[in-house]
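Inspection log for the structure reproduced underneath, given as structure tokens.
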Amino acid sequence: MKKIISLFTAICCMAVFTACQKKSDHSPTKPDGKLDKCTLRFSWWGDDERHRATLEAIELWNTIHPEIEIVPEYGGWDGWTEKVTSQMSGGTEPDIMQINYDWLATLSPDGTGFYDLNDLGKQLDLSGFDNEVLSFGKVNNKLNAVTVSVTGRGLFYNADVYESLDTEFPRTWDELIELGDTFSIKGFYPLDLDIQSGGTAWYLAIVYVQQTTGRDFISMDGKLGFTADDIRMALDFYKKMEDHSVIRTIKTRTDEDGNAALYQSPEFISGNVAGVLEWGSSVGKYEAVLPEGSLRTGPFLTTQDGKSSGWMIKPSMLYTISKNTEHPDEAAAFMDFLLNNSECARILGTSRGIPASRYAFESLEQNGLLTGLAYESDSMLDGLDTVTISPYMELPRMKEFYNTAIEQVSYNLCDTKTAADEMYSSITDYLERMK
Amino acid sequence: MKHRQYKNPVGVGKYTGLLLISPFIAGFILFTLYPFVCSFVLGMTDYRSAGTPKFIGLDNYKTMLSSESFRKALSVTLKYAAILVPLKLIVSLLTALLLNLEIKGIGFFRTAFYIPSILGANLAVVIMWQYLFTADGLVNQFLELFGASPVSWYGDPDASIYIIIMHRLWEFGSTMVIFLAALRDIPRELYDAAKVDGCGYIRSFFSITLPQIKKVIFINLILQTISALQEFNAPYMITGGGPLRSTYTVGMLIYDEMFKYSEAGYANAVSWILFAVIAIAVGLMYLVTGRRERNGS
């Protein structure tokens, strides 16, 4: 029996190494330019509105191409990264996927993690996209993904609360700090930031520093642009917001909300917390829990001596095709339908933000669908000299570094200099390792 | 009376036994042994989701030793297990003693006490815990009734581990059922004889009940220790591991490294360390119990 177990163990080891070796040998199926009968899997994350609209769009596709069946796979954001990562590791990912911007850096660091869409020009029309927008999906000159929409985080306030306190939305950082003092007397907070998966606390702090110094936090090729002093300035600013009751301290927020997201927080729903920093494409969930028309877009904060706008944009999400798909032509045709088809664009509306494709944008414009907070916020961003977020900035490990530093500062476990020095060295080491 | 002749469809041969258990063997090899060996091999590789594994020997284990994050997660896990396991055994045993009484409607109470353990750490329970333990939650309101100051259950790193412990403590049903079954197996005559000899309830408990169920206590101790050291669900759902990683267990670390940070090699190495910790803990328990048995105590 011992011999059998030893033999089996050796076979297992060989099988593991062989399987690992085989993974890199797999070459993608070549396109043949024809649309054959097949079944494709399409996955996305989102809220109920996005699910409803996408399922309706798939129904429309089925009437146009009944021979190509689309099997939808969808869910909420929580755990979605983990799900896709597991699927990619096992080579069982869907044919077409909605992916997040930073996944390009982790899942396709050399451009071979996804299908090269440059090879699918026959089915996929990219003429409606700016070159800059297309560049977001390129890795090593391989077009791995196409941007669905471009978005940035904007400030949204509960107008009912602001009106009841007879105050206006802040325009400058100083006004924001002053509002904290005014609101706290009445037991309100003008804004709140989470440090969980979204990492908005660090985001706002680096916008402030980017404006002040004119330096970008991380470059597109993954180089840290901030010095340790810049990081310290960001942490000091964060602490100042807490000290002036602009935002709740982490302890207060955790005590009041537990592990719940801000839009589920009784404090936000009741109006005690009267503002939020959120992606234009995702603000709907905050809007939905407040009385209609309460949540409004606020101005992007500035400083008088600012060296740049500091505010950032990124592709809110991208569509990609699996390198393991056996039907690249059909997958590309479906992706083209999602991105460019005018009727599909009308059905999808702004459920994935303001479309980056000119054809989809025109369809929404003609149908009078370019309204709402996402559109207002993105239009305001268009007027600013924005910085494109580096895909490295949103990597989960990077968020861990931000959150650790902010938590330590918030809980007064160390001074901002120590936290900044630790964060600087962690980020530098990690970015070096990623290359 | 007519006797029916049954024919053995497979025949009784040298390998009949092996043939009959082969479905289990196949399942065990495929779903337990193979992943087990794979995990060990992958633990010695640098394997990120996008690339192919690169053999790096014991580097992952060296990284772990110098990792503050791993040390913190391990200490949280050990602290959690050290507090939860004895508490759960005591609460389960005391409840089992109560539910062993012959009173009217006992079936209802037995069911009611068991229900929490089938709920697990699901979303409904997480929301209920928020109503209970947030700043204005029911627990703090209750404490204030008695003049006690409210506790920062979620926000205080020293207190947050206790809301996870209380959650698991609330789910004592399975442990309690095992105790209850053992208690019902103790012959009534022993208690009757003890009563005649003038034994009270407490003396009976220590002299009859405990010795009679000591093997079951040991089984529950082992099961609960393993389960506590592997804890993942409750902290993941209730606190997300925070604040300041005060509820971040090794189970959560493995999950994050594997799925969030895509460090499959490191995650597998941590899994093996967790396996070793559990094996040592269980081994020590067997050693101590075996010695006590040999000494006749």
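In the structure tokens, the first chain shown is A, the next is B, and so on; residue numbers restart at 1 for each chain, and ligands run from 1 in the order shown.
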
Skip Val387 in chain A itself and residues of its chain fewer than 5 positions away, then list as a ChimeraX atom specification all residues within 12 Å of it, counting only C-alpha atoms. /A:151-153,206-207,210-211,214-220,308-314,381-382

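Here is the contact set of chain A against chain B, at 6 Å and counting only C-alpha atoms: A:Cys20, A:Glu82, A:Ser89, A:Leu107, A:Lys251, A:Thr254, A:Asp255, A:Glu256, A:Gly258, A:Asn259.
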
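Once range 64-74 of chain B and its same-chain neighbours fewer than 3 positions away are set aside, Asn60, Tyr61, Thr77, Leu78, Tyr248, Thr249 and Val250 of chain B remain within 7 Å of it when counting only C-alpha atoms.
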
Among B:Phe218, B:Trp170, B:Tyr162, B:Tyr80, Val282 in chain B is approached most closely, using only C-alpha atoms, by B:Phe218
